[in-house]
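Heads up, structure-v1.cif below (mmCIF, C-alpha atoms and all ligand atoms):
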data_final
loop_
_atom_site.label_atom_id
_atom_site.label_comp_id
_atom_site.auth_asym_id
_atom_site.auth_seq_id
_atom_site.Cartn_x
_atom_site.Cartn_y
_atom_site.Cartn_z
CA MET A 1003 -78.94 51.22 11.03
CA PRO A 1004 -78.09 47.68 12.22
CA GLU A 1005 -75.29 47.41 14.71
CA LEU A 1006 -71.98 46.27 13.27
CA ASP A 1007 -69.66 43.86 15.01
CA ALA A 1008 -66.06 44.91 15.62
CA THR A 1009 -64.62 43.54 12.37
CA GLU A 1010 -67.38 45.05 10.24
CA GLN A 1011 -66.84 48.39 11.94
CA LEU A 1012 -63.17 48.29 10.99
CA VAL A 1013 -64.08 47.66 7.37
CA ALA A 1014 -66.85 50.26 7.31
CA ALA A 1015 -64.85 53.05 8.95
CA PRO A 1016 -62.64 53.99 5.97
CA ALA A 1017 -65.67 54.08 3.66
CA GLN A 1018 -67.47 56.43 6.03
CA ALA A 1019 -64.34 58.54 6.34
CA LEU A 1020 -64.26 58.87 2.56
CA ALA A 1021 -67.91 59.91 2.40
CA HIS A 1022 -67.64 62.40 5.26
CA PRO A 1023 -63.96 63.22 5.78
CA SER A 1024 -63.04 65.58 8.58
CA GLU A 1025 -59.98 66.76 6.67
CA LEU A 1026 -59.22 67.16 2.97
CA GLU A 1027 -55.93 66.50 1.24
CA LEU A 1028 -54.09 69.52 -0.17
CA ARG A 1029 -52.27 68.36 -3.30
CA PRO A 1030 -49.40 70.31 -4.86
CA LEU A 1031 -50.06 71.28 -8.50
CA GLN A 1032 -46.53 70.30 -9.53
CA GLY A 1033 -43.47 68.44 -8.29
CA LEU A 1034 -42.46 64.84 -7.66
CA PRO A 1035 -45.34 63.89 -5.32
CA LYS A 1036 -47.80 64.97 -8.05
CA TRP A 1037 -45.95 63.20 -10.88
CA LEU A 1038 -44.80 60.04 -9.06
CA GLY A 1039 -47.24 59.74 -6.19
CA ASN A 1040 -46.39 60.36 -2.54
CA ARG A 1041 -44.71 57.00 -1.91
CA LEU A 1042 -42.35 56.99 -4.86
CA ALA A 1043 -41.49 60.67 -4.32
CA LYS A 1044 -40.57 59.82 -0.74
CA LEU A 1045 -38.16 57.14 -1.99
CA VAL A 1046 -36.56 59.55 -4.46
CA PHE A 1047 -36.15 62.14 -1.70
CA ARG A 1048 -34.58 59.49 0.56
CA ALA A 1049 -32.11 58.57 -2.19
CA VAL A 1050 -30.73 62.11 -2.03
CA SER A 1051 -30.88 62.09 1.78
CA MET A 1052 -33.96 64.25 2.26
CA GLU A 1053 -36.89 63.39 4.46
CA GLU A 1054 -39.82 65.75 4.35
CA GLN A 1055 -41.94 66.62 7.33
CA PRO A 1056 -44.85 64.16 7.06
CA LEU A 1057 -48.21 65.81 6.29
CA ALA A 1058 -49.64 64.64 9.60
CA ALA A 1059 -46.93 66.56 11.46
CA ARG A 1060 -47.55 69.83 9.61
CA THR A 1061 -50.23 70.87 12.01
CA GLY A 1062 -49.57 72.89 15.15
CA ALA A 1063 -47.39 75.83 16.00
CA MET A 1064 -44.42 73.55 16.67
CA SER A 1065 -43.07 70.62 14.62
CA PRO A 1066 -42.70 67.45 16.66
CA THR A 1067 -39.13 66.15 16.98
CA HIS A 1068 -40.19 62.75 15.68
CA GLY A 1069 -40.61 63.16 11.93
CA TYR A 1070 -38.84 66.55 11.87
CA TYR A 1071 -37.54 67.02 8.32
CA ARG A 1072 -33.99 65.97 7.60
CA ARG A 1073 -31.47 66.96 4.93
CA ASP A 1074 -27.81 65.96 4.81
CA ARG A 1075 -25.34 63.78 2.90
CA HIS A 1076 -26.33 60.30 4.13
CA VAL A 1077 -23.55 60.31 6.76
CA HIS A 1078 -24.74 60.58 10.38
CA PRO A 1079 -21.67 60.36 12.63
CA ARG A 1080 -22.02 58.74 16.03
CA VAL A 1081 -20.38 61.20 18.41
CA ASP A 1082 -19.19 60.12 21.85
CA ALA A 1083 -20.31 62.73 24.41
CA ALA A 1084 -17.35 61.90 26.69
CA THR A 1085 -14.67 62.67 24.12
CA TYR A 1086 -16.52 65.31 22.03
CA LYS A 1087 -14.62 68.57 21.54
CA LEU A 1088 -15.57 71.89 19.98
CA GLN A 1089 -12.54 73.74 18.64
CA ILE A 1090 -12.74 77.52 18.34
CA SER A 1091 -9.85 79.09 16.44
CA GLY A 1092 -8.99 82.30 14.59
CA VAL A 1093 -10.25 84.38 17.55
CA ALA A 1094 -8.43 86.37 20.25
CA ASP A 1095 -7.69 83.23 22.37
CA ALA A 1096 -8.29 79.90 20.64
CA ARG A 1097 -10.07 77.36 22.87
CA THR A 1098 -11.27 73.78 22.80
CA LEU A 1099 -14.41 73.02 24.80
CA SER A 1100 -15.78 69.69 26.01
CA LEU A 1101 -19.49 68.96 26.04
CA SER A 1102 -19.68 69.45 29.82
CA GLN A 1103 -18.02 72.87 29.45
CA LEU A 1104 -20.58 73.79 26.78
CA GLU A 1105 -23.41 72.46 28.96
CA ALA A 1106 -22.28 74.67 31.87
CA LEU A 1107 -22.66 77.92 29.87
CA PRO A 1108 -25.76 80.12 30.05
CA ARG A 1109 -28.31 79.08 27.42
CA ALA A 1110 -30.52 81.12 25.15
CA GLU A 1111 -33.70 79.87 23.48
CA ARG A 1112 -34.77 80.34 19.88
CA VAL A 1113 -38.14 79.34 18.47
CA CYS A 1114 -37.58 79.56 14.74
CA VAL A 1115 -38.52 78.30 11.33
CA MET A 1116 -35.80 76.12 9.91
CA GLU A 1117 -36.02 75.82 6.15
CA CYS A 1118 -33.82 74.15 3.56
CA ALA A 1119 -32.72 76.65 0.91
CA GLY A 1120 -34.33 74.63 -1.89
CA ASN A 1121 -37.61 74.02 -0.08
CA GLY A 1122 -40.68 74.30 -2.28
CA ASN A 1123 -38.92 74.39 -5.64
CA HIS A 1124 -40.74 73.19 -8.75
CA LEU A 1125 -39.33 69.68 -8.51
CA MET A 1126 -40.25 69.17 -4.86
CA GLY A 1127 -43.67 70.75 -4.98
CA SER A 1128 -44.56 69.72 -1.50
CA ALA A 1129 -42.51 72.26 0.50
CA GLY A 1130 -41.92 69.78 3.35
CA LEU A 1131 -38.26 70.59 4.00
CA MET A 1132 -39.09 72.90 6.85
CA GLY A 1133 -40.14 72.82 10.44
CA GLN A 1134 -40.20 74.85 13.60
CA ALA A 1135 -38.67 73.82 16.91
CA ARG A 1136 -37.44 75.33 20.17
CA TRP A 1137 -33.64 75.26 20.23
CA SER A 1138 -31.42 76.17 23.15
CA GLY A 1139 -27.73 76.50 23.88
CA PRO A 1140 -25.03 79.15 24.34
CA THR A 1141 -25.08 82.06 21.91
CA LEU A 1142 -22.16 82.45 19.52
CA ASP A 1143 -21.33 85.67 21.39
CA THR A 1144 -21.13 83.78 24.72
CA LEU A 1145 -18.58 81.44 23.09
CA LEU A 1146 -16.63 84.32 21.57
CA ASP A 1147 -16.52 86.10 24.93
CA LEU A 1148 -14.94 82.95 26.42
CA CYS A 1149 -12.27 83.32 23.74
CA GLY A 1150 -11.57 86.96 24.56
CA GLY A 1151 -13.73 88.14 21.63
CA PRO A 1152 -13.54 87.57 17.87
CA GLY A 1153 -10.11 89.21 17.55
CA ALA A 1154 -9.54 90.13 13.90
CA ALA A 1155 -12.20 87.70 12.65
CA SER A 1156 -14.98 89.23 10.54
CA HIS A 1157 -16.24 85.88 9.16
CA PHE A 1158 -16.69 82.41 10.57
CA ALA A 1159 -16.61 78.90 9.11
CA PHE A 1160 -18.47 76.07 10.86
CA ARG A 1161 -17.52 72.43 10.34
CA GLY A 1162 -19.43 69.25 11.02
CA ARG A 1163 -18.07 65.77 11.78
CA ASP A 1164 -19.87 64.08 8.87
CA LYS A 1165 -16.80 63.29 6.79
CA LEU A 1166 -17.69 62.14 3.33
CA TRP A 1167 -15.41 59.63 1.64
CA PRO A 1168 -13.05 60.53 -0.09
CA VAL A 1169 -13.31 64.15 1.09
CA LYS A 1170 -11.26 64.64 4.25
CA SER A 1171 -13.15 67.54 5.78
CA GLY A 1172 -16.69 67.40 7.11
CA TYR A 1173 -19.58 69.54 5.91
CA HIS A 1174 -18.78 73.24 6.27
CA TYR A 1175 -20.50 76.57 5.77
CA GLY A 1176 -19.49 80.17 6.49
CA LEU A 1177 -21.26 83.42 7.38
CA SER A 1178 -20.07 86.89 8.35
CA LEU A 1179 -19.97 87.90 12.01
CA ASP A 1180 -22.48 90.67 11.21
CA GLU A 1181 -24.95 88.16 9.78
CA LEU A 1182 -24.47 85.77 12.70
CA ARG A 1183 -25.05 88.55 15.24
CA ARG A 1184 -28.02 89.99 13.42
CA ALA A 1185 -29.60 86.52 13.30
CA GLY A 1186 -28.83 85.80 16.97
CA ALA A 1187 -26.95 82.56 16.20
CA ILE A 1188 -26.63 79.92 18.94
CA VAL A 1189 -24.85 76.60 19.30
CA ALA A 1190 -27.86 74.44 20.13
CA LEU A 1191 -27.52 71.54 22.58
CA ARG A 1192 -31.28 70.97 22.93
CA MET A 1193 -34.17 70.58 20.51
CA ASN A 1194 -37.65 70.89 22.01
CA GLY A 1195 -36.12 70.44 25.47
CA GLU A 1196 -34.24 67.20 24.70
CA PRO A 1197 -30.57 66.62 23.79
CA LEU A 1198 -30.21 66.62 19.99
CA SER A 1199 -30.89 63.32 18.28
CA ARG A 1200 -28.13 61.78 16.17
CA ARG A 1201 -29.90 62.62 12.90
CA HIS A 1202 -30.27 66.29 13.88
CA GLY A 1203 -26.65 66.79 14.91
CA PHE A 1204 -25.88 65.36 18.38
CA PRO A 1205 -24.39 66.82 20.48
CA ALA A 1206 -24.24 70.37 19.05
CA ARG A 1207 -25.33 72.25 15.93
CA LEU A 1208 -25.41 75.82 14.79
CA ILE A 1209 -28.83 77.50 14.63
CA VAL A 1210 -29.06 80.76 12.69
CA PRO A 1211 -32.67 81.96 12.93
CA ARG A 1212 -34.05 83.61 9.75
CA ILE A 1213 -31.19 82.36 7.53
CA TYR A 1214 -31.68 79.22 5.39
CA SER A 1215 -30.68 76.01 7.09
CA MET A 1216 -27.65 75.01 4.99
CA SER A 1217 -25.90 77.17 7.60
CA HIS A 1218 -27.28 75.20 10.57
CA VAL A 1219 -24.23 72.92 10.68
CA LYS A 1220 -24.92 69.61 12.46
CA TRP A 1221 -22.36 67.58 14.51
CA LEU A 1222 -20.50 70.88 14.92
CA CYS A 1223 -16.84 70.32 15.83
CA GLN A 1224 -15.03 73.47 14.67
CA ILE A 1225 -15.66 77.21 14.58
CA GLU A 1226 -12.97 79.05 12.69
CA GLY A 1227 -12.62 82.84 12.67
CA LYS A 1228 -11.44 84.36 9.36
CA THR A 1229 -10.59 87.79 8.05
CA THR A 1230 -12.20 87.11 4.66
CA PRO A 1231 -15.43 85.34 3.65
CA HIS A 1232 -15.27 81.55 3.90
CA ARG A 1233 -14.94 79.83 0.52
CA GLY A 1234 -16.01 76.32 -0.28
CA ILE A 1235 -18.31 74.24 -2.41
CA HIS A 1236 -21.41 74.90 -0.28
CA ASN A 1237 -20.92 78.65 -0.03
CA ASP A 1238 -19.69 79.22 -3.57
CA PHE A 1239 -21.59 76.66 -5.59
CA VAL A 1240 -24.21 74.36 -4.04
CA PHE A 1241 -26.45 76.88 -2.30
CA THR A 1242 -26.30 79.67 -4.84
CA ASN A 1243 -28.55 81.26 -7.45
CA LYS A 1244 -27.71 83.29 -10.51
CA GLN A 1245 -29.13 86.76 -10.55
CA ARG A 1246 -29.21 89.22 -13.46
CA ARG A 1247 -28.03 92.74 -12.67
CA ASP A 1248 -27.49 95.30 -15.42
CA GLY A 1249 -27.67 92.53 -18.00
CA ARG A 1250 -25.01 90.37 -16.33
CA TRP A 1251 -25.64 87.12 -14.45
CA GLU A 1252 -23.84 86.86 -11.11
CA ARG A 1253 -23.84 84.23 -8.39
CA VAL A 1254 -25.51 85.01 -5.07
CA GLN A 1255 -25.38 82.88 -1.93
CA ALA A 1256 -28.46 81.74 -0.04
CA ARG A 1257 -29.05 83.87 3.05
CA TRP A 1258 -32.20 85.37 4.62
CA ILE A 1259 -35.39 83.37 4.18
CA GLY A 1260 -37.90 85.08 1.85
CA LEU A 1261 -41.51 86.15 2.40
CA LYS A 1262 -43.60 82.95 2.32
CA SER A 1263 -46.69 81.10 3.46
CA LEU A 1264 -48.16 77.65 3.17
CA VAL A 1265 -51.67 76.27 3.57
CA THR A 1266 -51.06 73.09 5.58
CA ARG A 1267 -54.58 71.91 6.48
CA CYS A 1268 -58.18 71.92 5.31
CA GLN A 1269 -60.42 70.77 8.16
CA ARG A 1270 -64.18 70.43 8.51
CA VAL A 1271 -65.85 73.03 10.77
CA PRO A 1272 -69.59 73.63 11.30
CA GLU A 1273 -69.61 76.51 8.78
CA GLY A 1274 -67.74 74.62 6.05
CA TRP A 1275 -63.99 74.07 5.82
CA GLN A 1276 -61.15 75.80 7.62
CA LEU A 1277 -57.93 76.47 5.72
CA SER A 1278 -54.98 77.03 8.01
CA GLY A 1279 -51.22 77.20 7.79
CA TRP A 1280 -48.04 79.13 8.44
CA ALA A 1281 -46.58 82.44 7.27
CA TRP A 1282 -42.95 83.46 7.74
CA GLY A 1283 -40.56 85.95 6.26
CA GLY A 1284 -36.96 85.59 7.40
CA ASP A 1285 -35.98 89.00 8.70
CA ARG A 1286 -39.38 90.49 7.84
CA ALA A 1287 -42.36 90.42 10.22
CA ILE A 1288 -45.69 89.13 8.89
CA THR A 1289 -48.56 91.61 9.21
CA ARG A 1290 -51.27 90.04 7.05
CA VAL A 1291 -52.13 86.84 5.20
CA ASP A 1292 -54.70 86.57 2.41
CA VAL A 1293 -56.24 83.31 1.29
CA THR A 1294 -57.80 82.41 -2.07
CA THR A 1295 -60.04 79.47 -2.91
CA ASP A 1296 -60.41 80.28 -6.63
CA GLY A 1297 -56.84 80.13 -7.86
CA GLY A 1298 -56.08 83.77 -7.06
CA ASP A 1299 -59.10 85.58 -8.61
CA THR A 1300 -60.30 86.77 -5.21
CA TRP A 1301 -58.42 87.03 -1.93
CA HIS A 1302 -59.79 87.13 1.64
CA ALA A 1303 -58.06 88.29 4.80
CA ALA A 1304 -57.24 85.35 7.10
CA THR A 1305 -57.12 85.52 10.90
CA LEU A 1306 -53.48 85.88 11.85
CA ARG A 1307 -51.78 84.77 15.07
CA ARG A 1308 -48.36 86.31 15.46
CA PRO A 1309 -45.53 84.57 17.33
CA ASP A 1310 -45.92 86.65 20.50
CA ALA A 1311 -49.52 85.42 20.80
CA LEU A 1312 -48.59 81.83 19.96
CA PHE A 1313 -45.66 81.53 22.36
CA ARG A 1314 -46.34 83.63 25.43
CA ASP A 1315 -43.74 81.80 27.52
CA ALA A 1316 -40.79 83.01 25.44
CA GLN A 1317 -38.15 84.81 27.47
CA GLY A 1318 -37.43 87.80 25.27
CA PRO A 1319 -38.30 89.36 21.94
CA GLU A 1320 -35.24 87.92 20.23
CA ASP A 1321 -36.35 84.35 20.99
CA LEU A 1322 -39.22 84.60 18.51
CA ALA A 1323 -37.69 86.76 15.78
CA GLY A 1324 -37.53 83.79 13.40
CA ALA A 1325 -40.81 82.12 14.36
CA TRP A 1326 -43.73 81.71 11.97
CA SER A 1327 -47.20 83.18 12.38
CA THR A 1328 -50.20 80.90 11.92
CA PHE A 1329 -53.31 81.81 9.98
CA SER A 1330 -56.80 80.42 9.50
CA PHE A 1331 -59.70 81.16 7.20
CA VAL A 1332 -63.21 79.71 7.26
CA TRP A 1333 -64.35 78.75 3.77
CA ARG A 1334 -68.13 78.83 4.02
CA ASN A 1335 -69.95 75.84 2.55
CA PRO A 1336 -68.29 75.58 -0.86
CA SER A 1337 -70.21 73.45 -3.36
CA PRO A 1338 -68.66 70.09 -4.18
CA GLY A 1339 -65.86 70.28 -6.73
CA ARG A 1340 -62.22 70.87 -7.42
CA TYR A 1341 -60.58 74.08 -6.19
CA VAL A 1342 -57.16 75.69 -6.23
CA VAL A 1343 -56.33 77.28 -2.89
CA GLY A 1344 -53.35 79.32 -1.77
CA ALA A 1345 -52.12 81.84 0.76
CA ARG A 1346 -50.16 85.05 0.38
CA SER A 1347 -48.29 86.84 3.15
CA PHE A 1348 -47.47 90.54 3.58
CA ASP A 1349 -44.72 92.21 5.61
CA GLU A 1350 -44.75 95.43 7.63
CA ASP A 1351 -44.00 97.55 4.55
CA GLY A 1352 -47.01 96.06 2.76
CA THR A 1353 -44.79 94.02 0.44
CA ALA A 1354 -46.66 90.93 -0.77
CA GLN A 1355 -45.37 87.41 -1.25
CA VAL A 1356 -44.72 87.02 -4.99
CA LEU A 1357 -47.07 85.11 -7.29
CA GLU A 1358 -44.25 84.16 -9.67
CA GLU A 1359 -40.51 83.88 -9.23
CA ASP A 1360 -38.41 86.79 -10.47
CA PRO A 1361 -37.29 86.02 -14.07
CA ASN A 1362 -33.97 87.69 -13.23
CA VAL A 1363 -33.16 84.97 -10.70
CA ARG A 1364 -32.25 81.39 -11.62
CA GLY A 1365 -31.40 78.49 -9.39
CA HIS A 1366 -32.92 76.35 -6.73
CA PHE A 1367 -33.00 78.35 -3.53
CA ASN A 1368 -35.40 80.92 -2.12
CA GLN A 1369 -38.56 79.76 -3.87
CA CYS A 1370 -40.99 82.36 -2.60
CA ARG A 1371 -43.96 82.23 -4.96
CA VAL A 1372 -47.43 81.31 -3.69
CA LYS A 1373 -47.69 77.54 -3.13
CA TRP A 1374 -50.89 76.43 -4.90
CA ARG A 1375 -52.77 73.39 -3.65
CA GLU A 1376 -55.62 71.48 -5.24
CA VAL A 1377 -58.45 70.37 -3.00
CA VAL A 1378 -61.54 68.32 -3.85
CA VAL A 1379 -64.60 69.23 -1.79
CA PRO A 1380 -66.91 66.22 -1.48
CA ALA A 1381 -70.68 66.25 -1.64
CA GLY A 1382 -72.61 65.82 1.57
CA PRO A 1383 -72.72 67.42 4.99
N1 LIG B 1401 -22.87 68.64 9.23
C1 LIG B 1401 -23.88 68.89 8.39
N2 LIG B 1401 -24.74 69.88 8.69
C2 LIG B 1401 -25.78 70.17 7.87
C3 LIG B 1401 -25.96 69.47 6.65
C4 LIG B 1401 -25.05 68.42 6.35
O1 LIG B 1401 -25.14 67.74 5.32
N3 LIG B 1401 -24.03 68.17 7.24
N4 LIG B 1401 -27.02 69.82 5.83
C5 LIG B 1401 -27.54 71.18 5.96
C6 LIG B 1401 -28.78 71.39 5.24
S1 LIG B 1401 -28.67 71.61 3.57
C7 LIG B 1401 -30.00 71.48 5.90
S2 LIG B 1401 -31.41 71.88 5.04
C8 LIG B 1401 -30.11 71.27 7.36
C9 LIG B 1401 -31.15 70.22 7.71
O2 LIG B 1401 -31.18 70.00 9.09
P1 LIG B 1401 -32.01 68.78 9.67
O3 LIG B 1401 -31.55 67.54 8.98
O4 LIG B 1401 -31.81 68.76 11.15
O5 LIG B 1401 -33.46 69.09 9.34
O6 LIG B 1401 -28.88 70.87 7.93
C10 LIG B 1401 -27.74 71.56 7.44
N5 LIG B 1401 -26.62 71.16 8.23
MO MO B 1402 -30.74 72.34 2.84
#
Once you've parsed the file, please lay out its structure as structure tokens.
Amino acid sequence: MPELDATEQLVAAPAQALAHPSELELRPLQGLPKWLGNRLAKLVFRAVSMEEQPLAARTGAMSPTHGYYRRDRHVHPRVDAATYKLQISGVADARTLSLSQLEALPRAERVCVMECAGNGNHLMGSAGLMGQARWSGPTLDTLLDLCGGPGAASHFAFRGRDKLWPVKSGYHYGLSLDELRRAGAIVALRMNGEPLSRRHGFPARLIVPRIYSMSHVKWLCQIEGKTTPHRGIHNDFVFTNKQRRDGRWERVQARWIGLKSLVTRCQRVPEGWQLSGWAWGGDRAITRVDVTTDGGDTWHAATLRRPDALFRDAQGPEDLAGAWSTFSFVWRNPSPGRYVVGARSFDEDGTAQVLEEDPNVRGHFNQCRVKWREVVVPAGP
């Protein structure tokens, strides 16, 4: 083959990459990216203030901070660290803390999946409203101890500083103290070792591992103890489903993340192609992941790496309770063609990730069914 000069090499490289790609695209079978194309879908998502994790960043065991998915209401307040205050009320002794007081408290670490309640619904298809990072900051219990304990409070409301015109209050969401304790909630001051960025809630946000991220209130400025569940548009309406029980439809609020998995990559290996991805299950531990390359006719056990093997430097078991497992499966020399691939996770009771959503549940959150992806295997080595 004649040698190419630098410019010719630049032109030839993409053609060679097409003929012998080292990685194949995994295309959702439905949703905006499929119907509109990736670029237009991205613009539509932006218009409703969503940015998905880019495909290139859906790789390792941790999501990079740059490109971490984002979901809010367009308003990103600029908070001055010097005058920032966190108000804690409705507890034994109400207190207001400055950022330096918060910084001086003992910190806990949480490596956890963070997932938007509506991630992976039929419209989105791509399931990119999720990521995993290492968060650290004082636990909610450390803050409550400073206040002499929760007092009579059995529920808490969390408010952000992102005031939306003409609404006077910022974003807010509430959970019960039992849920917050069971999840190991923290007020995070760091993301992947760095102070929070403005878009992800500088200087402080709530992190509630294993519960959907509408509760991970950014630009946190108020924690309010209550004796009854917090009510508001986000708790009572926005992040709810309707569920049929005994023939009657009732509203349920988004809470614990369901049993899920996602094939995120298809990479060339000497034996063929390697399918890999993540499996996670809210408050359920993943014990097995199966992979299919024929649309679900046959399933094969994937190699699973659980969080304790992925993150050996974690300080205690609680740190990893909300972390995903990774899986990989070597797909031996498939013939060229179009395939439908997918993954299915199992928990410690042997319960399998569902293939279809429950017909007795309607709404946008907790989309657990297997996420099918189309992949085109090229001819050639
Ligand atoms: N203050 C505030 N916090 C918020 C929101 C918001 O609009 N305002 N959106 C919530 C929702 S719906 C999600 S999915 C997560 C997204 O967090 P991220 O943008 O850091 O990924 O933030 C949550 N916290
Ligand atoms: Mo969300």
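Between atom CA of A:Val1265 and atom CA of A:Phe1331 lies a distance of 10.1 Å.
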Go through stretch 1066-1156 of chain A residue by residue and, counting all atoms listed in the file, keep those with an atom at most 6 Å from stretch 1190-1209 of chain A; for each kept residue give the shortest atom pair and its distance in Å to one decimal, ordered by chain and increasing number, as CSV.
residue,atom,partner,partner_atom,distance
A:Ala1135,CA,A:Asn1194,CA,6.0
A:Arg1136,CA,A:Asn1194,CA,4.8
A:Trp1137,CA,A:Met1193,CA,4.7
A:Ser1138,CA,A:Ala1190,CA,5.0
A:Gly1139,CA,A:Ala1190,CA,4.3
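Using all atoms listed in the file as the basis for the distance check, residues found within 7 Å of ligand LIG 1401 (chain B) are Tyr1070, Tyr1071, Arg1072, Arg1073, Asp1074, Arg1075, Glu1117, Cys1118, Ala1119, Arg1161, Gly1162, Arg1163, Asp1164, Gly1172, Tyr1173, His1174, Arg1201, His1202, Gly1203, Ser1215, Met1216, Ser1217, His1218, Val1219, Lys1220, Trp1221 and Leu1222 of chain A.
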Near A:Arg1250, within 12 Å and counting all atoms listed in the file, which residues show up once chain neighbours fewer than 5 positions away are dropped, as a list of chain:residue names? A:Lys1244, A:Gln1245, A:Asn1362, A:Val1363
Which centre and edge lengths in Å to one decimal define the box along x, y and z that fits every listed atom of stretch 1029-1047 of chain A plus 6 Å per side, as lines of an AutoDock Vina configuration file?
center_x = -44.2
center_y = 64.1
center_z = -5.8
size_x = 28.1
size_y = 26.3
size_z = 22.1
With a cut-off of 12 Å, could you pull out the residues of stretch 1229-1302 of chain A touching stretch 1310-1323 of chain A and give me the nearest pair of atoms for each, distance in Å to one decimal, using all atoms listed in the file, ordered by chain and ascending number, as a Markdown table?
| residue | atom | partner | partner_atom | distance |
| --- | --- | --- | --- | --- |
| A:Trp1280 | CA | A:Leu1312 | CA | 11.8 |
| A:Trp1282 | CA | A:Ala1323 | CA | 10.2 |
| A:Gly1283 | CA | A:Ala1323 | CA | 10.0 |
| A:Gly1284 | CA | A:Ala1323 | CA | 8.5 |
| A:Asp1285 | CA | A:Ala1323 | CA | 7.6 |
| A:Arg1286 | CA | A:Ala1323 | CA | 8.9 |
| A:Ala1287 | CA | A:Ala1323 | CA | 8.1 |
| A:Ile1288 | CA | A:Ala1323 | CA | 10.8 |
Nearest to ligand MO 1402 (chain B), chosen from A:Val1050, A:Ala1059, A:Val1377, A:Cys1149, with only C-alpha atoms and all ligand atoms counted in the distances: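 With only C-alpha atoms and all ligand atoms as the atom set, the closest residue is A:Val1050.
The gap separating atom CA of A:Trp1258 from atom CA of A:Gln1055 is 21.3 Å, in Å to one decimal.
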Between A:Ala1096, A:Leu1131, A:Ala1281, A:Ala1345, which one has atoms that come closest to ligand MO 1402 (chain B), using only C-alpha atoms and all ligand atoms? A:Leu1131
Might you pull out every residue within 8 Å of A:Leu1026, with only C-alpha atoms counted and same-chain residues fewer than 2 positions away left off, and present them as a VMD selection string? chain A and resid 1023 to 1024 1028 1267 to 1269 1377 to 1379
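Each of A:Gly1062, A:Gly1344, A:Gly1298, A:Gly1227 was checked against A:Gly1133 using all atoms listed in the file; the smallest atom-to-atom distance is that of A:Gly1062.
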Would you mind reading off the distance between atom CA of A:Gly1092 and atom CA of A:His1157, one decimal, in Å?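 If I compute the distance from atom CA of A:Gly1092 to atom CA of A:His1157, I get 9.7 Å.
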Check the smallest atom-to-atom distance from each of A:Val1356, A:Asp1349, A:His1236, A:Cys1370 to ligand MO 1402 (chain B) using only C-alpha atoms and all ligand atoms, then report the winner. A:His1236
N, CA, C and O atoms restored at stretch 1031-1040 of chain A, emitted as a PDB file, keeping the file's coordinate frame:
ATOM      1  N   LEU A1031     -49.716  71.303  -7.067  1.00  0.00           N
ATOM      2  CA  LEU A1031     -50.060  71.280  -8.500  1.00  0.00           C
ATOM      3  C   LEU A1031     -48.896  70.781  -9.345  1.00  0.00           C
ATOM      4  O   LEU A1031     -49.063  70.484 -10.515  1.00  0.00           O
ATOM      5  N   GLN A1032     -47.696  70.776  -8.771  1.00  0.00           N
ATOM      6  CA  GLN A1032     -46.530  70.300  -9.530  1.00  0.00           C
ATOM      7  C   GLN A1032     -45.534  69.693  -8.564  1.00  0.00           C
ATOM      8  O   GLN A1032     -45.714  69.758  -7.363  1.00  0.00           O
ATOM      9  N   GLY A1033     -44.510  69.028  -9.135  1.00  0.00           N
ATOM     10  CA  GLY A1033     -43.470  68.440  -8.290  1.00  0.00           C
ATOM     11  C   GLY A1033     -43.589  66.926  -8.223  1.00  0.00           C
ATOM     12  O   GLY A1033     -44.567  66.336  -8.656  1.00  0.00           O
ATOM     13  N   LEU A1034     -42.547  66.302  -7.671  1.00  0.00           N
ATOM     14  CA  LEU A1034     -42.460  64.840  -7.660  1.00  0.00           C
ATOM     15  C   LEU A1034     -43.667  64.138  -7.034  1.00  0.00           C
ATOM     16  O   LEU A1034     -44.133  63.141  -7.584  1.00  0.00           O
ATOM     17  N   PRO A1035     -44.192  64.608  -5.892  1.00  0.00           N
ATOM     18  CA  PRO A1035     -45.340  63.890  -5.320  1.00  0.00           C
ATOM     19  C   PRO A1035     -46.527  63.857  -6.295  1.00  0.00           C
ATOM     20  O   PRO A1035     -47.246  62.871  -6.367  1.00  0.00           O
ATOM     21  N   LYS A1036     -46.693  64.918  -7.080  1.00  0.00           N
ATOM     22  CA  LYS A1036     -47.800  64.970  -8.050  1.00  0.00           C
ATOM     23  C   LYS A1036     -47.521  64.007  -9.209  1.00  0.00           C
ATOM     24  O   LYS A1036     -48.395  63.283  -9.656  1.00  0.00           O
ATOM     25  N   TRP A1037     -46.278  64.002  -9.699  1.00  0.00           N
ATOM     26  CA  TRP A1037     -45.950  63.200 -10.880  1.00  0.00           C
ATOM     27  C   TRP A1037     -45.745  61.721 -10.561  1.00  0.00           C
ATOM     28  O   TRP A1037     -46.059  60.854 -11.364  1.00  0.00           O
ATOM     29  N   LEU A1038     -45.163  61.437  -9.389  1.00  0.00           N
ATOM     30  CA  LEU A1038     -44.800  60.040  -9.060  1.00  0.00           C
ATOM     31  C   LEU A1038     -45.702  59.426  -8.008  1.00  0.00           C
ATOM     32  O   LEU A1038     -45.648  58.222  -7.784  1.00  0.00           O
ATOM     33  N   GLY A1039     -46.489  60.235  -7.343  1.00  0.00           N
ATOM     34  CA  GLY A1039     -47.240  59.740  -6.190  1.00  0.00           C
ATOM     35  C   GLY A1039     -46.404  59.942  -4.933  1.00  0.00           C
ATOM     36  O   GLY A1039     -45.172  59.981  -5.002  1.00  0.00           O
ATOM     37  N   ASN A1040     -47.079  60.044  -3.799  1.00  0.00           N
ATOM     38  CA  ASN A1040     -46.390  60.360  -2.540  1.00  0.00           C
ATOM     39  C   ASN A1040     -45.323  59.343  -2.176  1.00  0.00           C
ATOM     40  O   ASN A1040     -44.238  59.699  -1.736  1.00  0.00           O
TER      41      ASN A1040
END
